[in-house]
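A quick write-up on the structure given underneath.
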Amino acid sequence: MQSYVVGLRFQKVGKIYHFDASKFPDLQIGDFAVVETSRGKQLGKVVLVVEDPSQKKNGRWKPVHHIATARDLVIKQILEKKEAEALINCRSKAAEFSIEGIKIVSAEYTFDGSRLSFLYSTEENTKINITKLRSSMKRSYPRSRVEMRQVGPRDVAKILGGMGACGLENRCCALFLTEFSPISIKMAKAQGISLSPSEITGMCGRLRCCLIYEYNQYLEARKHLPKYKKRVVTPLGEGIVKDVFPLRESVLVLLENGKYQEFPHVQVEPWKELQSLKKAAQEPCAKHQEGGSDCGRQTGQRKPNTGSKNRRKKR
């Protein structure tokens, strides 16, 4: 019997985790289900159905505990209110203990209430002692296992949401990004984006996640284009490449007459390669040590073997 596997998401824009729902074949996308995780019971929303569950290699899928009932959804709403109260309480205690350089981002309960996690961030390269704050939270919530988890600036931006630097109402991380990809400054250079901090830095203070969206397309397009400041030959004469437009597959060339002209890459040839070809065409044929020459020989044609005839004459 083939397994029926579904993908659940526990946060609005979070990672997708797979579970075996073979006992609940009526579970469809958009439904809610309760599952057992390493952090306790969680209530998640079904966002996909795995078409080929046999691709799972290591281990087995954890089973779905049960389909969420109306009571479960009410409990989830109550827990969300408790999370807001716990967040306010934690921030108040941090201010009371005069803990500077810390930002309490959110509070998260597991569905069974057995664990309460406070997510916080600190200023870069700053070590903060939160022992008093952790102890105070444990006393305030004795029925739950309290833990303090530090998160990075990108996670903070994802949790808080808000308008992006590009003007979108929601930041990419809070709208659809489930994981953060490594971003480097070379991605901005490859796309010809200004390296001004205001142009490449997101609201989190890190390089914008969108720098990776079209990076591979730019790399592929640049393979067929001459580089900046290279000398090229065009239908209107020789010139210097002054700008490259990868997505248009064209270059802007400064011609010898002082005018700028944009050419498609198929009309532009590298000056060095053409000079090398001309030089090779003008050179005489290379001689072998034996005095022979390759000129005029047809491909695949072999020299006649006269060695055997010479040996017969000597005999």
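We label chains A, B, ... in the order they appear in the structure tokens, count residues from 1 in each chain, and number ligands from 1 in the order shown.
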Open item on the list: What's around range 236-248 of chain A at 12 Å? Count only C-alpha atoms, leave out sequence neighbours fewer than 3 positions away in its own chain, and write the answer as a ChimeraX atom specification.
Closed with: /A:190-193,214-233,251-272,274
Convert the current residue selection to file output with C-alpha atoms, as an mmCIF file, in the first residue's frame.
```cif
data_model
loop_
_atom_site.group_PDB
_atom_site.id
_atom_site.type_symbol
_atom_site.label_atom_id
_atom_site.label_comp_id
_atom_site.auth_asym_id
_atom_site.auth_seq_id
_atom_site.Cartn_x
_atom_site.Cartn_y
_atom_site.Cartn_z
ATOM 1 C CA ALA A 190 27.622 40.672 -11.938
ATOM 2 C CA GLN A 191 24.286 42.425 -12.449
ATOM 3 C CA GLY A 192 25.773 45.911 -12.729
ATOM 4 C CA ILE A 193 23.969 47.137 -9.603
ATOM 5 C CA GLU A 214 18.481 36.799 -11.498
ATOM 6 C CA TYR A 215 22.143 36.133 -10.716
ATOM 7 C CA ASN A 216 22.387 32.863 -12.677
ATOM 8 C CA GLN A 217 20.656 34.413 -15.696
ATOM 9 C CA TYR A 218 23.217 37.228 -15.739
ATOM 10 C CA LEU A 219 26.117 34.767 -15.482
ATOM 11 C CA GLU A 220 24.779 32.714 -18.379
ATOM 12 C CA ALA A 221 24.163 35.801 -20.528
ATOM 13 C CA ARG A 222 27.633 37.262 -19.863
ATOM 14 C CA LYS A 223 29.325 34.120 -21.219
ATOM 15 C CA HIS A 224 28.499 35.239 -24.771
ATOM 16 C CA LEU A 225 29.384 38.917 -24.300
ATOM 17 C CA PRO A 226 32.759 40.708 -24.372
ATOM 18 C CA LYS A 227 33.919 42.216 -21.110
ATOM 19 C CA TYR A 228 33.989 45.888 -20.174
ATOM 20 C CA LYS A 229 36.856 47.928 -21.750
ATOM 21 C CA LYS A 230 37.685 45.164 -24.246
ATOM 22 C CA ARG A 231 38.523 46.137 -27.831
ATOM 23 C CA VAL A 232 36.064 44.728 -30.369
ATOM 24 C CA VAL A 233 35.287 44.843 -34.071
ATOM 25 C CA VAL A 251 26.982 45.893 -25.668
ATOM 26 C CA LEU A 252 27.555 49.638 -25.879
ATOM 27 C CA VAL A 253 30.670 50.414 -27.926
ATOM 28 C CA LEU A 254 32.667 53.645 -28.199
ATOM 29 C CA LEU A 255 33.697 53.764 -31.861
ATOM 30 C CA GLU A 256 36.870 55.361 -33.186
ATOM 31 C CA ASN A 257 34.859 58.329 -34.479
ATOM 32 C CA GLY A 258 33.878 59.170 -30.873
ATOM 33 C CA LYS A 259 30.261 58.002 -31.156
ATOM 34 C CA TYR A 260 28.510 55.461 -28.931
ATOM 35 C CA GLN A 261 26.561 52.652 -30.570
ATOM 36 C CA GLU A 262 24.768 49.616 -29.136
ATOM 37 C CA PHE A 263 25.312 46.317 -30.968
ATOM 38 C CA PRO A 264 23.832 42.819 -30.506
ATOM 39 C CA HIS A 265 26.488 40.327 -29.433
ATOM 40 C CA VAL A 266 26.232 38.486 -32.780
ATOM 41 C CA GLN A 267 27.579 41.603 -34.552
ATOM 42 C CA VAL A 268 30.582 42.032 -32.267
ATOM 43 C CA GLU A 269 33.860 40.119 -32.538
ATOM 44 C CA PRO A 270 36.808 40.256 -30.085
ATOM 45 C CA TRP A 271 39.669 42.261 -31.606
ATOM 46 C CA LYS A 272 42.418 39.992 -30.202
ATOM 47 C CA LEU A 274 40.572 38.349 -35.099
#
```
Open item on the list: Residues near range 4-6 of chain A, anyone? I mean within 12 Å using only C-alpha atoms, not counting same-chain ones fewer than 2 positions away, as number ranges by chain.
Closed with: A: 1-2, 8-9, 16-33, 35, 44-56, 60-64
Output N, CA and C atoms for every residue in that selection, as a CSV table (one decimal), in the first residue's frame.
```csv
chain,number,residue,atom,x,y,z
A,1,MET,N,0.8,-1.2,0.0
A,1,MET,CA,0.0,0.0,0.0
A,1,MET,C,0.9,1.2,0.0
A,2,GLN,N,0.6,2.1,-0.9
A,2,GLN,CA,1.4,3.3,-1.0
A,2,GLN,C,1.1,4.3,0.0
A,8,LEU,N,3.3,19.9,5.8
A,8,LEU,CA,2.7,20.8,6.8
A,8,LEU,C,3.6,22.0,7.0
A,9,ARG,N,3.0,23.1,7.2
A,9,ARG,CA,3.7,24.4,7.6
A,9,ARG,C,3.2,24.9,8.9
A,16,ILE,N,8.6,23.6,5.2
A,16,ILE,CA,7.6,22.6,5.1
A,16,ILE,C,8.1,21.3,5.6
A,17,TYR,N,7.4,20.6,6.4
A,17,TYR,CA,7.7,19.3,7.0
A,17,TYR,C,6.7,18.3,6.6
A,18,HIS,N,7.3,17.1,6.2
A,18,HIS,CA,6.4,16.0,5.7
A,18,HIS,C,6.0,15.0,6.7
A,19,PHE,N,4.8,14.5,6.6
A,19,PHE,CA,4.2,13.5,7.6
A,19,PHE,C,3.4,12.5,6.8
A,20,ASP,N,3.3,11.3,7.4
A,20,ASP,CA,2.5,10.3,6.8
A,20,ASP,C,1.1,10.4,7.2
A,21,ALA,N,0.2,10.6,6.2
A,21,ALA,CA,-1.2,10.8,6.5
A,21,ALA,C,-2.0,9.6,5.9
A,22,SER,N,-1.4,8.4,5.9
A,22,SER,CA,-2.1,7.3,5.3
A,22,SER,C,-3.4,6.9,6.0
A,23,LYS,N,-3.5,7.2,7.3
A,23,LYS,CA,-4.7,6.9,8.1
A,23,LYS,C,-5.8,8.0,7.9
A,24,PHE,N,-5.4,9.1,7.2
A,24,PHE,CA,-6.3,10.2,7.0
A,24,PHE,C,-6.3,10.5,5.5
A,25,PRO,N,-6.8,9.7,4.6
A,25,PRO,CA,-6.8,9.9,3.2
A,25,PRO,C,-7.6,11.1,2.7
A,26,ASP,N,-8.5,11.6,3.6
A,26,ASP,CA,-9.3,12.7,3.2
A,26,ASP,C,-8.7,14.0,3.5
A,27,LEU,N,-7.5,14.0,4.1
A,27,LEU,CA,-6.7,15.2,4.4
A,27,LEU,C,-6.3,15.9,3.1
A,28,GLN,N,-6.7,17.2,2.9
A,28,GLN,CA,-6.4,17.9,1.7
A,28,GLN,C,-5.7,19.2,2.0
A,29,ILE,N,-5.2,19.8,0.9
A,29,ILE,CA,-4.5,21.1,1.0
A,29,ILE,C,-5.4,22.1,1.6
A,30,GLY,N,-5.0,22.8,2.6
A,30,GLY,CA,-5.8,23.8,3.3
A,30,GLY,C,-6.3,23.4,4.6
A,31,ASP,N,-6.3,22.0,4.8
A,31,ASP,CA,-6.8,21.5,6.1
A,31,ASP,C,-5.7,21.7,7.2
A,32,PHE,N,-6.1,21.5,8.4
A,32,PHE,CA,-5.1,21.6,9.6
A,32,PHE,C,-5.0,20.2,10.2
A,33,ALA,N,-3.8,19.9,10.7
A,33,ALA,CA,-3.6,18.6,11.3
A,33,ALA,C,-2.7,18.8,12.5
A,35,VAL,N,0.3,17.1,14.7
A,35,VAL,CA,1.4,16.1,14.6
A,35,VAL,C,2.3,16.1,15.8
A,44,GLY,N,-0.4,22.2,12.3
A,44,GLY,CA,0.1,22.8,11.1
A,44,GLY,C,-0.9,22.8,10.0
A,45,LYS,N,-0.7,23.5,9.0
A,45,LYS,CA,-1.6,23.6,7.8
A,45,LYS,C,-1.0,22.8,6.7
A,46,VAL,N,-1.8,22.0,6.0
A,46,VAL,CA,-1.4,21.2,4.9
A,46,VAL,C,-1.2,22.2,3.7
A,47,VAL,N,0.0,22.2,3.1
A,47,VAL,CA,0.2,23.1,2.0
A,47,VAL,C,0.6,22.3,0.7
A,48,LEU,N,0.8,21.0,0.8
A,48,LEU,CA,1.1,20.2,-0.4
A,48,LEU,C,0.9,18.7,-0.1
A,49,VAL,N,0.7,18.0,-1.2
A,49,VAL,CA,0.6,16.5,-1.1
A,49,VAL,C,1.8,15.9,-1.9
A,50,VAL,N,2.6,15.1,-1.3
A,50,VAL,CA,3.7,14.5,-2.0
A,50,VAL,C,3.3,13.5,-3.0
A,51,GLU,N,3.7,13.7,-4.3
A,51,GLU,CA,3.2,12.8,-5.4
A,51,GLU,C,3.9,11.4,-5.3
A,52,ASP,N,5.2,11.4,-5.0
A,52,ASP,CA,5.9,10.2,-5.0
A,52,ASP,C,6.6,10.0,-3.6
A,53,PRO,N,5.9,9.5,-2.6
A,53,PRO,CA,6.5,9.3,-1.3
A,53,PRO,C,7.7,8.3,-1.3
A,54,SER,N,7.8,7.5,-2.3
A,54,SER,CA,8.9,6.4,-2.3
A,54,SER,C,10.3,7.0,-2.3
A,55,GLN,N,10.4,8.3,-2.7
A,55,GLN,CA,11.7,9.0,-2.7
A,55,GLN,C,12.3,9.2,-1.4
A,56,LYS,N,11.6,9.0,-0.3
A,56,LYS,CA,12.1,9.2,1.0
A,56,LYS,C,13.1,8.0,1.3
A,60,ARG,N,11.7,6.9,8.3
A,60,ARG,CA,10.3,6.9,7.9
A,60,ARG,C,9.6,8.2,8.2
A,61,TRP,N,8.5,8.4,7.5
A,61,TRP,CA,7.7,9.6,7.8
A,61,TRP,C,7.0,9.5,9.1
A,62,LYS,N,7.0,10.6,9.9
A,62,LYS,CA,6.3,10.6,11.2
A,62,LYS,C,4.8,10.7,10.8
A,63,PRO,N,3.9,9.9,11.6
A,63,PRO,CA,2.5,9.9,11.2
A,63,PRO,C,1.8,11.2,11.7
A,64,VAL,N,0.7,11.5,11.0
A,64,VAL,CA,-0.2,12.6,11.5
A,64,VAL,C,-1.0,12.0,12.7
```
Contacts of range 90-133 of chain A with range 153-169 of chain A up to 12 Å, shortest pair per row, only C-alpha atoms, as a tab-separated table:
```
residue	atom	partner	partner_atom	distance
A:Ile102	CA	A:Pro153	CA	11.9
A:Lys103	CA	A:Val156	CA	9.3
A:Ile104	CA	A:Val156	CA	9.5
A:Val105	CA	A:Val156	CA	6.6
A:Ser106	CA	A:Ile159	CA	7.7
A:Ala107	CA	A:Ile159	CA	10.8
A:Glu108	CA	A:Ile159	CA	11.6
A:Leu119	CA	A:Val156	CA	8.8
A:Tyr120	CA	A:Val156	CA	8.2
A:Ser121	CA	A:Pro153	CA	7.1
A:Thr122	CA	A:Pro153	CA	8.6
A:Glu123	CA	A:Pro153	CA	9.1
A:Glu124	CA	A:Pro153	CA	9.2
```
TODO: Within range 73-261 of chain A, find each residue whose DSSP state, derived from the backbone, is strand (DSSP E or B), and express the selection as a ChimeraX atom specification.
DONE: /A:102-109,115-122,145-150,201,207,231-234,237-245,250-255,260-261
TODO: Work out how far apart CA of Cys173 in chain A and CA of Ile212 in chain A are and give it in Å to one decimal.
DONE: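 For CA of Cys173 in chain A relative to CA of Ile212 in chain A, the distance reads 13.2 Å.
Distance check against Met148 in chain A using only C-alpha atoms: of A:Ser117, A:Ser136, A:Gln11, A:Ser250, the minimum falls on A:Ser117.
Nearest residue to Asp72 in chain A, choosing from A:Ile185, A:Val146, A:Val151, A:Leu43 and counting only C-alpha atoms: A:Leu43.
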- [ ] Quick one: pull the distance between CA of Glu199 in chain A and CA of Leu177 in chain A, Å, one decimal.
- [x]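 Distance between the two atoms: 20.3 Å.
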Open item on the list: Counting only C-alpha atoms, which residue out of A:Ser194, A:Ser181, A:Asn170, A:Thr234 sits closest to Cys210 in chain A?
Closed with: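 Checking each candidate against Cys210 in chain A, we get A:Ser181 as the closest.
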Task: DSSP helix (DSSP H, G or I) residues within range 24-164 of chain A, listed as a VMD selection string - done: chain A and resid 53 to 55 70 to 96 131 to 140 153 to 160
Could the residues in this selection be written to a file with N, CA and C atoms, as a tab-separated table (two decimals), in the first residue's frame?
```tsv
chain	number	residue	atom	x	y	z
A	53	PRO	N	5.92	9.46	-2.62
A	53	PRO	CA	6.51	9.29	-1.29
A	53	PRO	C	7.65	8.29	-1.26
A	54	SER	N	7.81	7.47	-2.27
A	54	SER	CA	8.86	6.44	-2.26
A	54	SER	C	10.26	7.05	-2.34
A	55	GLN	N	10.36	8.34	-2.65
A	55	GLN	CA	11.67	8.99	-2.75
A	55	GLN	C	12.31	9.20	-1.39
A	70	ALA	N	-12.48	21.66	15.53
A	70	ALA	CA	-12.81	23.05	15.86
A	70	ALA	C	-12.22	23.43	17.21
A	71	ARG	N	-12.20	22.49	18.13
A	71	ARG	CA	-11.62	22.74	19.45
A	71	ARG	C	-10.12	23.03	19.34
A	72	ASP	N	-9.43	22.28	18.47
A	72	ASP	CA	-7.99	22.51	18.28
A	72	ASP	C	-7.71	23.91	17.74
A	73	LEU	N	-8.55	24.36	16.83
A	73	LEU	CA	-8.35	25.69	16.26
A	73	LEU	C	-8.60	26.78	17.29
A	74	VAL	N	-9.54	26.55	18.18
A	74	VAL	CA	-9.80	27.51	19.27
A	74	VAL	C	-8.61	27.55	20.22
A	75	ILE	N	-8.06	26.37	20.53
A	75	ILE	CA	-6.88	26.30	21.40
A	75	ILE	C	-5.72	27.07	20.78
A	76	LYS	N	-5.57	26.95	19.46
A	76	LYS	CA	-4.50	27.67	18.76
A	76	LYS	C	-4.67	29.18	18.91
A	77	GLN	N	-5.89	29.67	18.82
A	77	GLN	CA	-6.15	31.09	19.00
A	77	GLN	C	-5.84	31.54	20.42
A	78	ILE	N	-6.19	30.71	21.39
A	78	ILE	CA	-5.90	31.04	22.80
A	78	ILE	C	-4.40	31.11	23.03
A	79	LEU	N	-3.67	30.16	22.43
A	79	LEU	CA	-2.22	30.16	22.59
A	79	LEU	C	-1.58	31.39	21.96
A	80	GLU	N	-2.12	31.85	20.86
A	80	GLU	CA	-1.59	33.06	20.21
A	80	GLU	C	-1.76	34.27	21.12
A	81	LYS	N	-2.87	34.35	21.85
A	81	LYS	CA	-3.06	35.44	22.80
A	81	LYS	C	-2.07	35.33	23.95
A	82	LYS	N	-1.84	34.10	24.41
A	82	LYS	CA	-0.88	33.89	25.50
A	82	LYS	C	0.54	34.24	25.04
A	83	GLU	N	0.83	33.97	23.79
A	83	GLU	CA	2.15	34.32	23.25
A	83	GLU	C	2.37	35.83	23.27
A	84	ALA	N	1.34	36.58	22.91
A	84	ALA	CA	1.45	38.04	22.93
A	84	ALA	C	1.67	38.54	24.36
A	85	GLU	N	0.96	37.96	25.33
A	85	GLU	CA	1.14	38.34	26.73
A	85	GLU	C	2.53	38.00	27.22
A	86	ALA	N	3.03	36.81	26.87
A	86	ALA	CA	4.37	36.41	27.29
A	86	ALA	C	5.43	37.31	26.68
A	87	LEU	N	5.23	37.73	25.43
A	87	LEU	CA	6.19	38.62	24.77
A	87	LEU	C	6.27	39.96	25.50
A	88	ILE	N	5.11	40.53	25.86
A	88	ILE	CA	5.08	41.80	26.58
A	88	ILE	C	5.75	41.65	27.94
A	89	ASN	N	5.49	40.54	28.62
A	89	ASN	CA	6.07	40.30	29.94
A	89	ASN	C	7.59	40.18	29.85
A	90	CYS	N	8.07	39.47	28.83
A	90	CYS	CA	9.52	39.29	28.68
A	90	CYS	C	10.21	40.61	28.38
A	91	ARG	N	9.62	41.42	27.53
A	91	ARG	CA	10.21	42.73	27.22
A	91	ARG	C	10.22	43.62	28.45
A	92	SER	N	9.17	43.53	29.23
A	92	SER	CA	9.11	44.33	30.45
A	92	SER	C	10.20	43.93	31.43
A	93	LYS	N	10.43	42.63	31.58
A	93	LYS	CA	11.48	42.16	32.49
A	93	LYS	C	12.87	42.54	31.98
A	94	ALA	N	13.07	42.50	30.66
A	94	ALA	CA	14.37	42.90	30.11
A	94	ALA	C	14.66	44.36	30.41
A	95	ALA	N	13.62	45.21	30.33
A	95	ALA	CA	13.79	46.63	30.67
A	95	ALA	C	14.01	46.81	32.17
A	96	GLU	N	13.33	45.99	32.98
A	96	GLU	CA	13.48	46.08	34.44
A	96	GLU	C	14.89	45.71	34.88
A	131	THR	N	20.94	35.53	31.93
A	131	THR	CA	20.63	34.53	32.97
A	131	THR	C	19.46	34.97	33.84
A	132	LYS	N	19.47	36.22	34.29
A	132	LYS	CA	18.39	36.72	35.14
A	132	LYS	C	17.05	36.69	34.40
A	133	LEU	N	17.08	37.08	33.13
A	133	LEU	CA	15.85	37.11	32.34
A	133	LEU	C	15.30	35.70	32.15
A	134	ARG	N	16.18	34.74	31.87
A	134	ARG	CA	15.73	33.36	31.69
A	134	ARG	C	15.13	32.80	32.98
A	135	SER	N	15.80	33.06	34.09
A	135	SER	CA	15.30	32.58	35.39
A	135	SER	C	13.94	33.19	35.72
A	136	SER	N	13.78	34.49	35.41
A	136	SER	CA	12.51	35.15	35.69
A	136	SER	C	11.38	34.56	34.86
A	137	MET	N	11.65	34.25	33.60
A	137	MET	CA	10.63	33.66	32.74
A	137	MET	C	10.26	32.25	33.18
A	138	LYS	N	11.23	31.51	33.68
A	138	LYS	CA	10.94	30.16	34.17
A	138	LYS	C	10.02	30.22	35.39
A	139	ARG	N	10.25	31.22	36.25
A	139	ARG	CA	9.37	31.36	37.42
A	139	ARG	C	7.98	31.83	37.01
A	140	SER	N	7.91	32.65	35.97
A	140	SER	CA	6.60	33.17	35.54
A	140	SER	C	5.76	32.10	34.82
A	153	PRO	N	19.62	38.72	12.19
A	153	PRO	CA	18.85	39.89	11.71
A	153	PRO	C	17.86	39.56	10.60
A	154	ARG	N	18.18	38.57	9.75
A	154	ARG	CA	17.25	38.20	8.69
A	154	ARG	C	16.01	37.53	9.27
A	155	ASP	N	16.21	36.70	10.29
A	155	ASP	CA	15.06	36.06	10.93
A	155	ASP	C	14.18	37.10	11.62
A	156	VAL	N	14.82	38.12	12.19
A	156	VAL	CA	14.05	39.20	12.84
A	156	VAL	C	13.19	39.91	11.81
A	157	ALA	N	13.77	40.24	10.66
A	157	ALA	CA	13.00	40.92	9.61
A	157	ALA	C	11.86	40.04	9.12
A	158	LYS	N	12.09	38.75	9.05
A	158	LYS	CA	11.05	37.82	8.60
A	158	LYS	C	9.89	37.78	9.59
A	159	ILE	N	10.19	37.78	10.88
A	159	ILE	CA	9.16	37.71	11.91
A	159	ILE	C	8.37	39.01	11.99
A	160	LEU	N	9.08	40.14	11.96
A	160	LEU	CA	8.41	41.43	12.12
A	160	LEU	C	7.67	41.85	10.85
```
